[in-house]
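Asks: My file is run.csv. It has CSV, C-alpha atoms:
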```csv
chain,number,residue,atom,x,y,z
A,24,MET,CA,-89.1,30.9,-46.3
A,25,PHE,CA,-91.4,28.2,-47.7
A,26,ALA,CA,-91.9,28.4,-51.5
A,27,LEU,CA,-94.8,26.0,-51.0
A,28,THR,CA,-96.9,28.5,-49.1
A,29,ARG,CA,-96.3,31.1,-51.7
A,30,ALA,CA,-97.2,28.6,-54.5
A,31,LEU,CA,-100.5,27.9,-52.7
A,32,ARG,CA,-101.0,31.7,-52.4
A,33,ALA,CA,-101.4,31.3,-48.6
A,34,ARG,CA,-101.3,34.3,-46.3
A,35,PRO,CA,-97.8,35.3,-45.0
A,36,ALA,CA,-98.8,34.4,-41.5
A,37,ALA,CA,-99.7,30.8,-42.6
A,38,GLU,CA,-96.0,30.2,-43.3
A,39,VAL,CA,-95.1,31.0,-39.6
A,40,TYR,CA,-98.0,28.9,-38.3
A,41,ALA,CA,-97.0,25.9,-40.4
A,42,LEU,CA,-93.4,26.2,-39.3
A,43,SER,CA,-94.5,26.7,-35.7
A,44,ILE,CA,-96.6,23.5,-35.7
A,45,ILE,CA,-93.7,21.5,-37.1
A,46,TYR,CA,-91.2,22.9,-34.7
A,47,LEU,CA,-93.7,22.4,-31.8
A,48,ALA,CA,-94.0,18.7,-32.7
A,49,LEU,CA,-90.2,18.2,-33.0
A,50,THR,CA,-89.7,20.1,-29.7
A,51,ALA,CA,-92.2,17.9,-27.9
A,52,CYS,CA,-90.6,14.8,-29.3
A,53,ALA,CA,-87.2,15.9,-28.1
A,54,LEU,CA,-88.5,16.8,-24.6
A,55,ALA,CA,-90.3,13.5,-24.4
A,56,ALA,CA,-86.9,11.8,-24.1
A,57,LEU,CA,-86.2,13.8,-20.9
A,58,VAL,CA,-89.6,14.1,-19.2
A,59,PRO,CA,-92.9,12.3,-19.3
A,60,TRP,CA,-94.9,12.9,-22.5
A,61,TRP,CA,-97.6,15.0,-20.8
A,62,ALA,CA,-94.9,17.3,-19.4
A,63,ALA,CA,-93.3,17.5,-22.9
A,64,VAL,CA,-96.6,18.6,-24.4
A,65,LEU,CA,-97.0,21.3,-21.7
A,66,LEU,CA,-93.4,22.6,-22.0
A,67,ALA,CA,-93.1,22.6,-25.8
A,68,PRO,CA,-95.1,25.8,-26.3
A,69,ILE,CA,-93.0,27.6,-23.7
A,70,VAL,CA,-89.7,26.4,-25.2
A,71,ILE,CA,-90.6,27.4,-28.7
A,72,GLN,CA,-91.3,31.0,-27.6
A,73,VAL,CA,-87.9,31.5,-26.2
A,74,PRO,CA,-86.2,32.1,-29.6
A,75,MET,CA,-89.0,34.5,-30.6
A,76,TYR,CA,-88.5,36.6,-27.4
A,77,VAL,CA,-84.8,36.7,-28.1
A,78,MET,CA,-85.5,37.7,-31.6
A,79,GLY,CA,-87.8,40.5,-30.5
A,80,LEU,CA,-85.4,41.9,-27.9
A,81,PHE,CA,-82.1,41.9,-29.9
A,82,VAL,CA,-82.9,41.6,-33.7
A,83,LEU,CA,-86.3,43.1,-34.7
A,84,PRO,CA,-87.1,46.8,-34.3
A,85,ARG,CA,-89.4,47.6,-31.4
A,86,ARG,CA,-93.1,47.5,-31.8
A,87,ARG,CA,-92.8,45.6,-35.1
A,88,ILE,CA,-93.7,41.9,-35.9
A,89,ASN,CA,-91.6,40.7,-38.8
A,90,VAL,CA,-93.1,37.6,-40.3
A,91,THR,CA,-90.1,36.9,-42.6
A,92,GLU,CA,-87.5,37.1,-39.8
A,93,ASN,CA,-89.6,34.9,-37.6
A,94,SER,CA,-89.9,32.3,-40.4
A,95,ARG,CA,-86.1,32.4,-40.8
A,96,VAL,CA,-85.5,31.8,-37.2
A,97,LEU,CA,-88.0,28.9,-37.0
A,98,MET,CA,-86.5,27.3,-40.2
A,99,ALA,CA,-83.0,27.5,-38.6
A,100,LEU,CA,-84.2,26.0,-35.4
A,101,LEU,CA,-86.0,23.2,-37.3
A,102,ILE,CA,-82.9,22.3,-39.2
A,103,GLY,CA,-80.9,22.3,-36.1
A,104,ALA,CA,-83.5,20.1,-34.3
A,105,CYS,CA,-83.6,17.7,-37.2
A,106,LEU,CA,-79.8,17.3,-37.2
A,107,TRP,CA,-79.9,16.6,-33.5
A,108,LEU,CA,-82.8,14.1,-33.5
A,109,ARG,CA,-81.6,12.0,-36.4
A,110,THR,CA,-85.0,10.2,-36.8
A,111,TRP,CA,-86.8,9.4,-40.1
A,112,PRO,CA,-89.3,12.3,-39.7
A,113,ALA,CA,-86.3,14.7,-39.1
A,114,TYR,CA,-84.6,13.4,-42.3
A,115,ALA,CA,-87.8,13.7,-44.2
A,116,PHE,CA,-88.1,17.3,-43.1
A,117,LEU,CA,-84.5,18.0,-44.1
A,118,ALA,CA,-85.2,16.6,-47.5
A,119,LEU,CA,-88.3,18.8,-47.8
A,120,ALA,CA,-86.4,21.8,-46.8
A,121,ALA,CA,-83.6,21.0,-49.3
A,122,ALA,CA,-86.1,20.6,-52.1
A,123,ASN,CA,-87.9,23.8,-51.1
A,124,ALA,CA,-84.6,25.7,-51.1
A,125,LEU,CA,-83.7,24.3,-54.6
A,126,ALA,CA,-87.1,25.4,-55.9
A,127,ALA,CA,-86.9,28.9,-54.4
A,128,LEU,CA,-83.2,29.9,-54.9
A,129,THR,CA,-81.2,31.0,-57.8
A,130,VAL,CA,-78.1,28.9,-58.6
A,131,ARG,CA,-75.9,31.6,-57.2
A,132,ARG,CA,-77.7,31.6,-53.8
A,133,PHE,CA,-77.7,27.8,-53.8
A,134,LEU,CA,-74.0,27.7,-54.3
A,135,LEU,CA,-73.3,30.3,-51.6
A,136,GLY,CA,-75.8,28.6,-49.2
A,137,PHE,CA,-74.3,25.2,-49.9
A,138,ALA,CA,-70.8,26.5,-49.1
A,139,ALA,CA,-72.0,28.2,-45.9
A,140,ALA,CA,-73.9,25.1,-44.7
A,141,ALA,CA,-71.2,22.6,-45.8
A,142,PRO,CA,-69.4,22.7,-42.4
A,143,LEU,CA,-72.5,21.1,-40.8
A,144,ALA,CA,-71.5,17.9,-42.6
A,145,LEU,CA,-68.7,17.6,-40.1
A,146,PHE,CA,-71.5,16.5,-37.7
A,147,TYR,CA,-71.4,13.2,-39.5
A,148,GLY,CA,-67.6,12.7,-39.4
A,149,TRP,CA,-64.6,14.5,-40.7
A,150,ARG,CA,-64.3,12.5,-43.9
A,151,ILE,CA,-67.8,13.2,-45.0
A,152,GLY,CA,-67.6,16.8,-43.8
A,153,LEU,CA,-64.3,17.5,-45.5
A,154,THR,CA,-65.6,16.0,-48.8
A,155,VAL,CA,-68.8,18.2,-48.7
A,156,ILE,CA,-66.8,21.3,-47.9
A,157,VAL,CA,-64.3,20.7,-50.7
A,158,LEU,CA,-67.1,20.0,-53.2
A,159,SER,CA,-69.0,23.1,-52.2
A,160,HIS,CA,-65.9,25.3,-52.8
A,161,LEU,CA,-65.0,23.6,-56.0
A,162,LEU,CA,-68.4,24.5,-57.5
A,163,ILE,CA,-67.8,28.1,-56.7
A,164,VAL,CA,-64.3,28.0,-58.1
A,165,TYR,CA,-65.6,26.5,-61.3
A,166,ALA,CA,-68.3,29.2,-61.6
A,167,THR,CA,-65.7,31.9,-60.9
A,168,LEU,CA,-62.9,30.9,-63.3
A,169,VAL,CA,-64.8,29.3,-66.2
A,170,PRO,CA,-65.7,32.0,-68.7
A,171,ASN,CA,-69.4,32.3,-69.7
A,172,CYS,CA,-70.5,30.0,-66.8
A,173,GLN,CA,-74.0,31.2,-65.7
A,174,TRP,CA,-74.0,29.8,-62.2
A,175,LEU,CA,-73.3,33.1,-60.4
A,176,GLY,CA,-75.5,35.1,-62.7
A,177,PRO,CA,-76.4,35.8,-66.3
A,178,VAL,CA,-73.6,36.3,-68.8
A,179,ILE,CA,-74.5,37.5,-72.3
A,180,THR,CA,-73.1,35.0,-74.9
A,181,CYS,CA,-75.2,35.6,-78.0
A,182,PHE,CA,-78.0,37.8,-79.4
A,183,ALA,CA,-81.2,37.1,-81.2
A,184,THR,CA,-81.2,37.5,-85.0
A,185,GLU,CA,-82.9,36.1,-88.1
A,186,LYS,CA,-80.0,37.2,-90.3
A,187,LYS,CA,-76.4,36.3,-90.7
A,188,GLU,CA,-75.2,38.9,-88.2
A,189,VAL,CA,-72.4,38.8,-85.7
A,190,TRP,CA,-71.2,41.2,-83.0
A,191,LEU,CA,-67.5,41.9,-83.1
A,192,THR,CA,-66.0,42.9,-79.8
A,193,ILE,CA,-62.4,44.1,-79.3
A,194,ASP,CA,-60.7,44.0,-75.9
A,195,ASP,CA,-57.8,45.6,-74.0
A,196,GLY,CA,-57.7,49.1,-75.6
A,197,PRO,CA,-57.2,51.9,-75.8
A,198,ALA,CA,-54.0,51.5,-77.7
A,199,SER,CA,-52.0,53.0,-80.5
A,200,ASP,CA,-53.9,50.9,-83.1
A,201,THR,CA,-57.4,52.0,-82.0
A,202,GLU,CA,-57.8,54.6,-84.7
A,203,PRO,CA,-56.3,52.4,-87.5
A,204,ILE,CA,-58.8,49.7,-86.5
A,205,LYS,CA,-61.7,52.1,-86.6
A,206,GLU,CA,-60.6,53.3,-90.0
A,207,MET,CA,-60.3,49.7,-91.3
A,208,LEU,CA,-63.8,48.9,-90.0
A,209,ALA,CA,-65.2,52.1,-91.6
A,210,ARG,CA,-63.7,51.2,-95.0
A,211,ARG,CA,-65.5,47.8,-94.8
A,212,ASN,CA,-68.8,49.2,-93.5
A,213,ALA,CA,-68.4,47.2,-90.4
A,214,THR,CA,-69.0,48.0,-86.7
A,215,ALA,CA,-67.5,46.7,-83.5
A,216,THR,CA,-67.6,47.4,-79.7
A,217,PHE,CA,-64.4,48.3,-78.0
A,218,PHE,CA,-64.1,47.0,-74.4
A,219,GLU,CA,-61.5,49.3,-73.1
A,220,ILE,CA,-59.5,49.3,-69.9
A,221,GLY,CA,-60.5,52.2,-67.7
A,222,VAL,CA,-64.0,52.3,-69.3
A,223,ASN,CA,-65.9,49.0,-69.6
A,224,HIS,CA,-63.3,46.3,-69.3
A,225,SER,CA,-62.4,47.0,-65.7
A,226,MET,CA,-60.4,50.1,-64.6
A,227,THR,CA,-57.0,48.4,-64.2
A,228,HIS,CA,-57.5,45.0,-65.8
A,229,PRO,CA,-56.4,42.9,-62.8
A,230,SER,CA,-56.5,39.6,-64.8
A,231,ALA,CA,-54.6,37.6,-62.1
A,232,THR,CA,-56.7,38.8,-59.1
A,233,PHE,CA,-60.1,39.8,-60.4
A,234,TRP,CA,-61.6,36.5,-59.3
A,235,CYS,CA,-60.8,37.2,-55.6
A,236,LEU,CA,-61.5,40.9,-55.3
A,237,GLY,CA,-63.8,42.1,-52.6
A,238,PRO,CA,-67.0,44.2,-53.1
A,239,ARG,CA,-65.3,47.6,-52.5
A,240,ARG,CA,-62.5,47.0,-55.0
A,241,LEU,CA,-65.0,45.5,-57.5
A,242,ARG,CA,-67.2,48.6,-57.4
A,243,GLU,CA,-64.2,50.6,-58.4
A,244,GLU,CA,-63.1,48.2,-61.1
A,245,ILE,CA,-66.5,47.7,-62.7
A,246,GLY,CA,-67.4,51.3,-63.4
A,247,ASP,CA,-70.9,52.4,-64.5
A,248,ARG,CA,-71.1,51.8,-68.3
A,249,ARG,CA,-74.1,49.9,-69.8
A,250,TRP,CA,-72.0,46.8,-70.7
A,251,PHE,CA,-69.1,45.3,-68.8
A,252,ARG,CA,-66.6,42.6,-69.8
A,253,ALA,CA,-64.6,41.1,-67.0
A,254,PRO,CA,-60.8,40.4,-67.4
A,255,VAL,CA,-60.4,37.0,-68.9
A,256,GLY,CA,-64.1,36.4,-68.5
A,257,MET,CA,-63.8,35.8,-64.7
A,258,LYS,CA,-66.4,36.5,-62.1
A,259,ASN,CA,-66.9,36.1,-58.4
A,260,PRO,CA,-69.9,36.1,-56.1
A,261,PHE,CA,-69.9,39.9,-55.7
A,262,VAL,CA,-69.9,40.8,-59.4
A,263,HIS,CA,-73.5,40.3,-60.3
A,264,PRO,CA,-75.1,42.1,-57.3
A,265,ILE,CA,-73.0,45.2,-58.2
A,266,LEU,CA,-74.0,44.9,-61.9
A,267,ALA,CA,-77.7,44.6,-61.0
A,268,LYS,CA,-77.6,47.7,-58.8
A,269,ARG,CA,-76.1,49.7,-61.7
A,270,ASP,CA,-78.4,48.1,-64.3
A,271,MET,CA,-75.4,46.8,-66.3
A,272,ARG,CA,-74.9,43.6,-68.4
A,273,LEU,CA,-72.0,41.2,-68.2
A,274,ILE,CA,-70.9,40.5,-71.7
A,275,GLY,CA,-69.2,37.2,-72.5
A,276,TRP,CA,-68.7,35.7,-76.0
A,277,THR,CA,-69.7,32.9,-78.3
A,278,VAL,CA,-66.2,32.5,-79.9
A,279,ARG,CA,-62.8,34.0,-79.2
A,280,GLY,CA,-59.8,34.2,-81.5
A,281,LEU,CA,-57.3,33.4,-78.8
A,282,ASP,CA,-55.2,36.1,-80.5
A,283,THR,CA,-53.3,37.6,-77.5
A,284,LYS,CA,-50.1,35.8,-78.3
A,285,SER,CA,-50.3,35.3,-82.0
A,286,GLY,CA,-53.0,35.9,-84.5
A,287,GLY,CA,-52.0,33.1,-86.9
A,288,ASN,CA,-54.9,30.8,-86.2
A,289,ALA,CA,-57.5,33.4,-85.1
A,290,VAL,CA,-59.4,33.3,-88.5
A,291,ALA,CA,-59.7,29.5,-88.4
A,292,ARG,CA,-60.9,29.5,-84.8
A,293,VAL,CA,-63.5,32.1,-85.4
A,294,MET,CA,-64.9,30.7,-88.6
A,295,ARG,CA,-65.0,27.2,-87.1
A,296,ARG,CA,-67.5,28.2,-84.4
A,297,VAL,CA,-69.2,31.3,-85.7
A,298,ARG,CA,-73.0,31.3,-86.3
A,299,PRO,CA,-75.7,33.9,-86.7
A,300,GLY,CA,-76.0,35.9,-83.4
A,301,ALA,CA,-72.5,35.0,-82.2
A,302,ILE,CA,-70.4,37.4,-80.2
A,303,VAL,CA,-66.8,37.3,-81.4
A,304,VAL,CA,-63.9,38.6,-79.2
A,305,LEU,CA,-60.6,39.7,-80.5
A,306,HIS,CA,-57.8,41.9,-78.9
A,307,GLN,CA,-55.9,45.0,-79.8
A,308,GLY,CA,-52.7,46.5,-78.7
A,309,ARG,CA,-50.4,43.8,-80.0
A,310,PRO,CA,-48.1,44.1,-83.0
A,311,HIS,CA,-50.3,41.7,-85.0
A,312,SER,CA,-53.7,43.0,-83.8
A,313,LEU,CA,-54.7,45.2,-86.7
A,314,GLN,CA,-53.8,42.5,-89.3
A,315,THR,CA,-55.6,39.8,-87.3
A,316,ILE,CA,-58.8,41.8,-86.9
A,317,GLU,CA,-58.7,42.8,-90.6
A,318,ARG,CA,-58.4,39.2,-91.7
A,319,VAL,CA,-61.2,38.0,-89.4
A,320,VAL,CA,-63.5,40.8,-90.7
A,321,ASP,CA,-62.8,39.9,-94.3
A,322,ALA,CA,-63.4,36.2,-93.6
A,323,LEU,CA,-66.7,37.0,-91.9
A,324,HIS,CA,-67.8,39.2,-94.9
A,325,ALA,CA,-66.7,36.5,-97.3
A,326,ALA,CA,-69.0,34.0,-95.5
A,327,GLY,CA,-71.9,36.4,-95.8
A,328,TYR,CA,-71.9,37.8,-92.2
A,329,GLU,CA,-72.8,41.4,-91.4
A,330,LEU,CA,-71.0,43.0,-88.4
A,331,VAL,CA,-73.6,44.8,-86.1
A,332,ILE,CA,-74.0,46.0,-82.6
A,333,PRO,CA,-77.2,44.6,-81.2
A,334,ASP,CA,-79.5,46.5,-78.8
A,335,ASP,CA,-80.1,45.2,-75.3
A,336,ALA,CA,-83.5,43.6,-76.1
A,337,ARG,CA,-81.7,41.1,-78.4
A,338,LEU,CA,-79.0,40.0,-75.9
A,339,LYS,CA,-79.3,36.5,-74.7
A,340,THR,CA,-77.6,33.9,-72.4
A,341,LYS,CA,-77.2,30.2,-73.1
A,342,ARG,CA,-80.1,29.5,-70.9
```
Give the structure from this file in C-alpha cells form.

Replies:
Amino acid sequence: MFALTRALRARPAAEVYALSIIYLALTACALAALVPWWAAVLLAPIVIQVPMYVMGLFVLPRRRINVTENSRVLMALLIGACLWLRTWPAYAFLALAAANALAALTVRRFLLGFAAAAPLALFYGWRIGLTVIVLSHLLIVYATLVPNCQWLGPVITCFATEKKEVWLTIDDGPASDTEPIKEMLARRNATATFFEIGVNHSMTHPSATFWCLGPRRLREEIGDRRWFRAPVGMKNPFVHPILAKRDMRLIGWTVRGLDTKSGGNAVARVMRRVRPGAIVVLHQGRPHSLQTIERVVDALHAAGYELVIPDDARLKTKR
C-alpha cells in the first residue's frame, strides 16, 4: 500500500510493521480518552489484532499470511481512525496517505478511488459532501465523453515520424462506397485504415450508449482486433482493462473532418490542423463521402504529405 516503502526498497513486511506502529499509536490515543493512559497502552495491541483475526477467518485463505491484504486492512482502519479523531496528527497522516496514493496510482485509479471515497466527505456536512461527490463524478464524465482524453487510459492520437506522413483513418464502414474508396486510394498510391462496424469500430456502433455500457456488453462490442476505435471517441472505466487483456490499442485522432453531415468544410478543417505524424479521421457511407475523402487526399498530397499506416512501435499518445 505504501509507495514510500517500495521506493526505499524495504522488505514487504516492513510496510505492515510501519502501518501497525502508526495504527497502534492512534488506537492508544483514542483509548486514552476512555481509560487511563496505562490501560490504553495495554489494550491497544489487543484491539489492533481484532481486525487481523477477522481478516484471517473470513477473507484470507487458510494457512496463508497475505501481507498485501493485511496492509490494505490496516490502511483502511488508519483512515477511519483519522477521520474519527480529527486531530492534527490525524490530518497529517491523511495528507500523507493522499500524497502516497497520488504517487502510486494511475489517473484512472485515482478518479475511480476519488469517486468511491467521495461520500466520506458527508462526514463534514452535506454541503461539502455533495460538492465533493458531484466533482468526483464530473471528472469521470469528462474523461468518458471527451474524445482523446487520456485520464481513463492511453488513447493513440499521433505517431512518430521524421517525414511528412499522416495516417488516414475512415470510420463507419463497410458501405457501398468501400470499394470505390479503395480504388481511388490505389490510383493515388495512398493507404488508409478502415475502422468498420462489426470489426474494429464496435460491433453495433451504439454511439448513444457506449459511454454507459457494462463490462459484459463492452467485451462483446470491442471484439479482438489489434486496433479499436470507440464510437464517437467515447470511453468508460471498463474499456481499457478489456483492451489491456486483449493486447489492443485504442485509436483516437489528431484531426477530424467533421464530415458526417456535410463534407463541404472537411478539407479546410483537416489542412488547418494537420502536421507530420497526425491521425486524420473521415467517414464513409454518406452520399458525399467518396468525394470528400478524395478531396482531402488530394489536398494532403498537394501539401507534400504521404499517406501511410504506421506500425505499433510508432504509435504515441499526447503524454

Asks: Work out how far apart atom CA of A:Thr110 and atom CA of A:Ser159 are and give it in Å to one decimal.

Replies: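 Taking atom CA of A:Thr110 as the start and atom CA of A:Ser159 as the end point, the length is 25.7 Å.
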
Asks: Which polymer residues have any atom within 10 Å of an atom of A:Gly246, counting all atoms listed in the file, with same-chain residues fewer than 5 positions away left out, as a VMD selection string?

Replies: chain A and resid 221 to 226 241 251 265 to 266 269 271

Asks: Could you name the residues that touch A:Ala336 at 12 Å or less, counting all atoms listed in the file, but leaving out those on the same chain fewer than 3 positions away, as an MDAnalysis selection string?

Replies: chainID A and resid 179 181:184 272 332:333 339:340

Asks: List as an mmCIF file with C-alpha atoms, keeping the file's coordinate frame: which residues have an atom within 7 Å of (-67.1, 30.1, -54.2), counting all atoms listed in the file?

Replies:
```
data_model
loop_
_atom_site.group_PDB
_atom_site.id
_atom_site.type_symbol
_atom_site.label_atom_id
_atom_site.label_comp_id
_atom_site.auth_asym_id
_atom_site.auth_seq_id
_atom_site.Cartn_x
_atom_site.Cartn_y
_atom_site.Cartn_z
ATOM 1 C CA LEU A 135 -73.300 30.300 -51.600
ATOM 2 C CA HIS A 160 -65.900 25.300 -52.800
ATOM 3 C CA LEU A 162 -68.400 24.500 -57.500
ATOM 4 C CA ILE A 163 -67.800 28.100 -56.700
ATOM 5 C CA VAL A 164 -64.300 28.000 -58.100
ATOM 6 C CA PRO A 260 -69.900 36.100 -56.100
#
```

Asks: Compare A:Pro68, A:Glu206, A:Arg240, A:Ala120 by their minimum atom-to-atom distance to A:Ile44, counting only C-alpha atoms, and give me the closest one.

Replies: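 That would be A:Pro68, the residue with the smallest distance to A:Ile44.
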
Asks: Show which residues sit within 12 Å of A:Arg309, as a PyMOL selection string. Count all atoms listed in the file, and ignore same-chain residues fewer than 2 positions away.

Replies: chain A and resi 194-201+282-286+305-307+311-316

Asks: Please indicate the distance in Å from atom CA of A:Pro142 to atom CA of A:Ala166, rounded to one decimal place.

Replies: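 Computing it gives 20.3 Å between the two atoms.
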
Asks: Of the candidates A:Glu317, A:Glu202, A:Glu329, A:Glu244, which shows the shortest atom-to-atom distance to A:Thr227, using all atoms listed in the file?

Replies: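 Closest to A:Thr227, using all atoms listed in the file: A:Glu244.
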